[in-house]
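Asker: Just dropping this structure here.
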Amino acid sequence: MKKHHQTGFDTDCIHAGSDPDKLFGGVSVPIYQSSTFAFESAAQGAARFSGTDNGYKYTRLGNPTIAALEEAVATLEGGGKGLATASGMACISTLFMATLGQGMHVVSTDSVYGPTRTLLEREFSRFGVESTFVDSSDLNNVKRAIKPNTKLVYLETPANPTLSISDIAGAAKLAHAAGALLAVDNTFCSPMLQRPFELGADIVLHSMTKFLNGHSDVVAGMLIVRDQALYAQLKGVLVQMGGTIDPHQAWLVLRGVKTLAMRVRQAQETSMKLAVDLGKHPAIAWVKYPGLPSHPQYDLGRKQMKGPGSMISFELKDGVDAGRMLMDTVKLCILAVSLGGVETLIQHPASMTHASMGPKNRKIAGITDGLVRFSVGCEDYEDLRNDLMEALDKIAAHKFTHNSDAQGI
Ligand code: LCS
């Protein structure tokens, strides 16, 4: 992008990484749907593999459409280099593989996306990697968990699905003092609402399946780093392990990124109103939303986030059974996992996204059996409110006789 002066976030969403195509002037970045790239001569092929010519060789190692997406997202995070991956989990496994090894230790938020925790506990443990999960919304817990062999502090903030918020700047100081790196899963905020590099993080990552793509039609991930040596280390692992994104998938995400700012703004405005509405309904026990002063880390959220986002967690007074009735009664809100799309989604973490964690770890992490997670989309506020309120009114009028546990759902 030709930059004459500092451009705004909305402008960057549309233009970063998306220069008109040099061959025909196409305004939309072409999809280079090719696994391999022809060399003009044997000497050129050799030069590309030796690194003296930085032209493309093979799509697992690099591709122009993927490079456009990497530049776009890195720009939105405020600089650095991006590495796009085939899924959010491919980016997380690449990160762990590149930064951890036998005898090393990672401290992580306890309320992380279920499979992130399972990956460390079940798979990386087999290679001698130790992990400790703590409530990182209290920095003292992070401090206490750091050991001489800690190489990585991993925060998910706001956390999935509890929405608890951790102090990125404080955690960066603790990690750096111990010689460890700080990685932040920024999926719930997107770069529109939180820029972890500005707060001292070394690595920022996303499941681009969520807000960055925004249309519930692609699975993808992104790692962004500022340090060149760390970039080379991560890229080496990514291309060897083979978690590269496909060019068509990358193009779809690049298209989604162009409307990131408008989608996030619209969904956030609706979320604020819905969080207030939910809090007033007699069937609701509690609502957790970073925009409500009742959120336990409300002040920290206001300090480090540019807005409260569009994820809401709540519990009904009649617990799991009422939650199940809500999910089965709503008509416009879709009962499905995932988040950050234009469609409003509702799901039950204990029996769905966080089932793999097991009941004990869920309890410690504050993921109660009755917690319902709501990802607000871009539909009309009135339609979402009516859908929710009609369902909640039915629940308030219903007589619940027993309460199932989460596995009973
Ligand atoms: N990080 C966070 C915060 C996530 O929420 C997810 C997926 C991932 C990483 C992994 O990304 P993926 O490989 O799926 O692209 N979260 C999901 C969720 O809450 N419901 O379904 C998927």
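By convention here, the chains of the structure tokens are called A, B, ... in the order presented, each chain's residues are numbered starting at 1, and ligands are numbered starting at 1 in the order presented.
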Please extract the residues of stretch 85-333 of chain A with a backbone DSSP assignment of strand (DSSP E or B) and present them as a short mmCIF file (atom, residue, chain, number, x, y, z; two decimals) with C-alpha atoms, in the first residue's frame.
Answerer:
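Output contents, as saved in states-v1.cif:
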data_model
loop_
_atom_site.label_atom_id
_atom_site.label_comp_id
_atom_site.auth_asym_id
_atom_site.auth_seq_id
_atom_site.Cartn_x
_atom_site.Cartn_y
_atom_site.Cartn_z
CA THR A 85 -1.83 -21.24 9.18
CA HIS A 105 7.67 -25.21 31.08
CA VAL A 106 4.73 -23.06 30.01
CA VAL A 107 2.36 -21.06 32.21
CA SER A 108 -1.07 -20.61 30.65
CA THR A 109 -4.44 -19.05 31.42
CA GLU A 130 5.47 -29.21 31.50
CA SER A 131 2.46 -26.93 31.75
CA THR A 132 0.78 -25.06 34.61
CA PHE A 133 -2.69 -23.52 34.21
CA VAL A 134 -3.60 -20.58 36.41
CA THR A 150 9.55 -21.44 32.13
CA LYS A 151 10.06 -20.43 28.50
CA LEU A 152 6.57 -19.27 27.58
CA VAL A 153 3.70 -17.42 29.24
CA TYR A 154 0.50 -17.95 27.27
CA LEU A 155 -2.48 -15.66 27.83
CA GLU A 156 -5.93 -15.84 26.33
CA LEU A 181 8.31 -15.09 25.94
CA LEU A 182 4.76 -13.78 26.22
CA ALA A 183 2.21 -15.03 23.68
CA VAL A 184 -1.34 -13.63 23.57
CA ASP A 185 -4.29 -15.31 21.88
CA ILE A 203 3.82 -13.16 19.90
CA VAL A 204 0.20 -12.44 18.96
CA LEU A 205 -2.01 -15.14 17.55
CA HIS A 206 -5.48 -15.57 16.16
CA SER A 207 -7.95 -18.17 15.18
CA GLY A 221 -5.02 -19.05 11.97
CA MET A 222 -2.27 -16.41 12.15
CA LEU A 223 0.89 -15.91 14.21
CA ILE A 224 2.44 -12.44 14.28
CA VAL A 225 5.89 -11.64 15.70
CA THR A 244 0.36 -23.85 5.87
CA ILE A 284 -30.91 -14.83 34.39
CA ALA A 285 -28.59 -15.52 37.34
CA TRP A 286 -25.56 -13.52 36.13
CA VAL A 287 -24.12 -11.93 32.99
CA LYS A 288 -20.41 -11.50 32.27
CA MET A 311 -18.88 -12.13 23.39
CA ILE A 312 -21.26 -12.51 26.34
CA SER A 313 -21.36 -15.32 28.91
CA PHE A 314 -24.30 -15.84 31.24
CA GLU A 315 -26.03 -18.38 33.39
CA LEU A 316 -29.72 -18.96 33.94
#
Asker: Ligand 1: which residues are within 10 Å, counting only C-alpha atoms and all ligand atoms, as a VMD selection string?
Answerer: chain A and resid 85 to 93 111 to 116 155 to 161 184 to 189 205 to 210 218 to 222 336 to 340 345 to 349 352 to 354 373 375
Asker: Going by DSSP on the backbone, which residues of stretch 187-247 of chain A come out as alpha helix (DSSP H)? List them as a ChimeraX atom specification.
Answerer: /A:190-193,228-241,247
Asker: Keeping N, CA, C and O atoms, export the residues of the selection given above as a PDB file, in the first residue's frame.
Answerer:
ATOM      1  N   SER A 190      -9.756  -9.416  18.341  1.00  0.00           N
ATOM      2  CA  SER A 190      -9.271  -9.027  17.021  1.00  0.00           C
ATOM      3  C   SER A 190      -8.408  -7.776  17.209  1.00  0.00           C
ATOM      4  O   SER A 190      -8.521  -7.086  18.239  1.00  0.00           O
ATOM      5  N   PRO A 191      -7.559  -7.455  16.222  1.00  0.00           N
ATOM      6  CA  PRO A 191      -6.687  -6.271  16.399  1.00  0.00           C
ATOM      7  C   PRO A 191      -7.471  -4.965  16.496  1.00  0.00           C
ATOM      8  O   PRO A 191      -6.926  -3.941  16.911  1.00  0.00           O
ATOM      9  N   MET A 192      -8.734  -5.002  16.149  1.00  0.00           N
ATOM     10  CA  MET A 192      -9.575  -3.799  16.268  1.00  0.00           C
ATOM     11  C   MET A 192      -9.692  -3.354  17.734  1.00  0.00           C
ATOM     12  O   MET A 192      -9.737  -2.167  18.026  1.00  0.00           O
ATOM     13  N   LEU A 193      -9.737  -4.294  18.651  1.00  0.00           N
ATOM     14  CA  LEU A 193     -10.027  -3.952  20.049  1.00  0.00           C
ATOM     15  C   LEU A 193      -8.851  -4.153  20.997  1.00  0.00           C
ATOM     16  O   LEU A 193      -8.922  -3.733  22.153  1.00  0.00           O
ATOM     17  N   GLN A 228      12.852 -10.872  14.287  1.00  0.00           N
ATOM     18  CA  GLN A 228      13.177 -11.592  13.047  1.00  0.00           C
ATOM     19  C   GLN A 228      13.619 -13.033  13.323  1.00  0.00           C
ATOM     20  O   GLN A 228      13.210 -13.958  12.614  1.00  0.00           O
ATOM     21  N   ALA A 229      14.424 -13.242  14.377  1.00  0.00           N
ATOM     22  CA  ALA A 229      14.911 -14.597  14.670  1.00  0.00           C
ATOM     23  C   ALA A 229      13.752 -15.503  15.096  1.00  0.00           C
ATOM     24  O   ALA A 229      13.670 -16.666  14.697  1.00  0.00           O
ATOM     25  N   LEU A 230      12.834 -14.941  15.878  1.00  0.00           N
ATOM     26  CA  LEU A 230      11.671 -15.716  16.317  1.00  0.00           C
ATOM     27  C   LEU A 230      10.777 -16.059  15.117  1.00  0.00           C
ATOM     28  O   LEU A 230      10.248 -17.173  15.010  1.00  0.00           O
ATOM     29  N   TYR A 231      10.667 -15.092  14.204  1.00  0.00           N
ATOM     30  CA  TYR A 231       9.882 -15.333  12.976  1.00  0.00           C
ATOM     31  C   TYR A 231      10.478 -16.518  12.213  1.00  0.00           C
ATOM     32  O   TYR A 231       9.766 -17.435  11.798  1.00  0.00           O
ATOM     33  N   ALA A 232      11.798 -16.503  12.044  1.00  0.00           N
ATOM     34  CA  ALA A 232      12.461 -17.568  11.280  1.00  0.00           C
ATOM     35  C   ALA A 232      12.258 -18.923  11.968  1.00  0.00           C
ATOM     36  O   ALA A 232      12.024 -19.942  11.310  1.00  0.00           O
ATOM     37  N   GLN A 233      12.307 -18.914  13.302  1.00  0.00           N
ATOM     38  CA  GLN A 233      12.110 -20.149  14.071  1.00  0.00           C
ATOM     39  C   GLN A 233      10.690 -20.695  13.866  1.00  0.00           C
ATOM     40  O   GLN A 233      10.492 -21.880  13.615  1.00  0.00           O
ATOM     41  N   LEU A 234       9.693 -19.795  13.953  1.00  0.00           N
ATOM     42  CA  LEU A 234       8.296 -20.206  13.788  1.00  0.00           C
ATOM     43  C   LEU A 234       8.031 -20.661  12.353  1.00  0.00           C
ATOM     44  O   LEU A 234       7.355 -21.663  12.116  1.00  0.00           O
ATOM     45  N   LYS A 235       8.584 -19.926  11.411  1.00  0.00           N
ATOM     46  CA  LYS A 235       8.344 -20.273  10.000  1.00  0.00           C
ATOM     47  C   LYS A 235       8.960 -21.633   9.685  1.00  0.00           C
ATOM     48  O   LYS A 235       8.358 -22.461   8.990  1.00  0.00           O
ATOM     49  N   GLY A 236      10.169 -21.878  10.227  1.00  0.00           N
ATOM     50  CA  GLY A 236      10.826 -23.179  10.015  1.00  0.00           C
ATOM     51  C   GLY A 236       9.928 -24.312  10.486  1.00  0.00           C
ATOM     52  O   GLY A 236       9.710 -25.298   9.770  1.00  0.00           O
ATOM     53  N   VAL A 237       9.363 -24.169  11.692  1.00  0.00           N
ATOM     54  CA  VAL A 237       8.502 -25.227  12.230  1.00  0.00           C
ATOM     55  C   VAL A 237       7.226 -25.340  11.388  1.00  0.00           C
ATOM     56  O   VAL A 237       6.789 -26.440  11.040  1.00  0.00           O
ATOM     57  N   LEU A 238       6.651 -24.212  11.028  1.00  0.00           N
ATOM     58  CA  LEU A 238       5.391 -24.249  10.269  1.00  0.00           C
ATOM     59  C   LEU A 238       5.564 -24.991   8.942  1.00  0.00           C
ATOM     60  O   LEU A 238       4.762 -25.862   8.613  1.00  0.00           O
ATOM     61  N   VAL A 239       6.597 -24.653   8.194  1.00  0.00           N
ATOM     62  CA  VAL A 239       6.733 -25.292   6.885  1.00  0.00           C
ATOM     63  C   VAL A 239       7.150 -26.761   7.010  1.00  0.00           C
ATOM     64  O   VAL A 239       6.789 -27.585   6.178  1.00  0.00           O
ATOM     65  N   GLN A 240       7.879 -27.093   8.081  1.00  0.00           N
ATOM     66  CA  GLN A 240       8.260 -28.495   8.260  1.00  0.00           C
ATOM     67  C   GLN A 240       7.070 -29.335   8.746  1.00  0.00           C
ATOM     68  O   GLN A 240       6.879 -30.455   8.302  1.00  0.00           O
ATOM     69  N   MET A 241       6.284 -28.759   9.652  1.00  0.00           N
ATOM     70  CA  MET A 241       5.134 -29.505  10.172  1.00  0.00           C
ATOM     71  C   MET A 241       3.971 -29.490   9.170  1.00  0.00           C
ATOM     72  O   MET A 241       3.052 -30.281   9.273  1.00  0.00           O
ATOM     73  N   PRO A 247      -4.128 -21.175  -0.475  1.00  0.00           N
ATOM     74  CA  PRO A 247      -4.290 -19.820  -1.039  1.00  0.00           C
ATOM     75  C   PRO A 247      -5.750 -19.354  -1.151  1.00  0.00           C
ATOM     76  O   PRO A 247      -6.048 -18.181  -0.933  1.00  0.00           O
TER      77      PRO A 247
END
Asker: Might you pull out every residue within 7 Å of stretch 25-31 of chain A, with only C-alpha atoms counted and same-chain residues fewer than 6 positions away left off, and present them as a PDB file with N, CA and C atoms, in the first residue's frame?
Answerer:
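File produced: out23.pdb:
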ATOM      1  N   SER A  18      -3.213  -5.305   0.221  1.00  0.00           N
ATOM      2  CA  SER A  18      -4.014  -5.440  -1.006  1.00  0.00           C
ATOM      3  C   SER A  18      -3.657  -4.401  -2.060  1.00  0.00           C
ATOM      4  N   THR A  65      -0.653 -14.908  -2.476  1.00  0.00           N
ATOM      5  CA  THR A  65      -1.965 -14.609  -1.864  1.00  0.00           C
ATOM      6  C   THR A  65      -1.856 -14.728  -0.342  1.00  0.00           C
ATOM      7  N   PRO A 247      -4.128 -21.175  -0.475  1.00  0.00           N
ATOM      8  CA  PRO A 247      -4.290 -19.820  -1.039  1.00  0.00           C
ATOM      9  C   PRO A 247      -5.750 -19.354  -1.151  1.00  0.00           C
ATOM     10  N   HIS A 248      -6.637 -20.276  -1.474  1.00  0.00           N
ATOM     11  CA  HIS A 248      -8.040 -19.854  -1.604  1.00  0.00           C
ATOM     12  C   HIS A 248      -8.630 -19.471  -0.250  1.00  0.00           C
ATOM     13  N   TRP A 251      -7.353 -16.106   0.663  1.00  0.00           N
ATOM     14  CA  TRP A 251      -8.057 -15.041  -0.059  1.00  0.00           C
ATOM     15  C   TRP A 251      -9.413 -14.747   0.592  1.00  0.00           C
TER      16      TRP A 251
END
Asker: Just the residues within 10 Å of A:Asp167, please, counting only C-alpha atoms, with nothing from its chain fewer than 3 positions along; format it as a ChimeraX atom specification.
Answerer: /A:136-139,155,157,170-172,199,297,300-301,303-304
Asker: Give me the residues within 8 Å of A:Ala283 as a list of chain:residue names, counting only C-alpha atoms and dropping any in the same chain fewer than 5 places off.
Answerer: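 The residues that qualify are A:Leu316, A:Lys317, A:Asp318, A:Leu392, A:Asp393, A:Ile395, A:Ala396.
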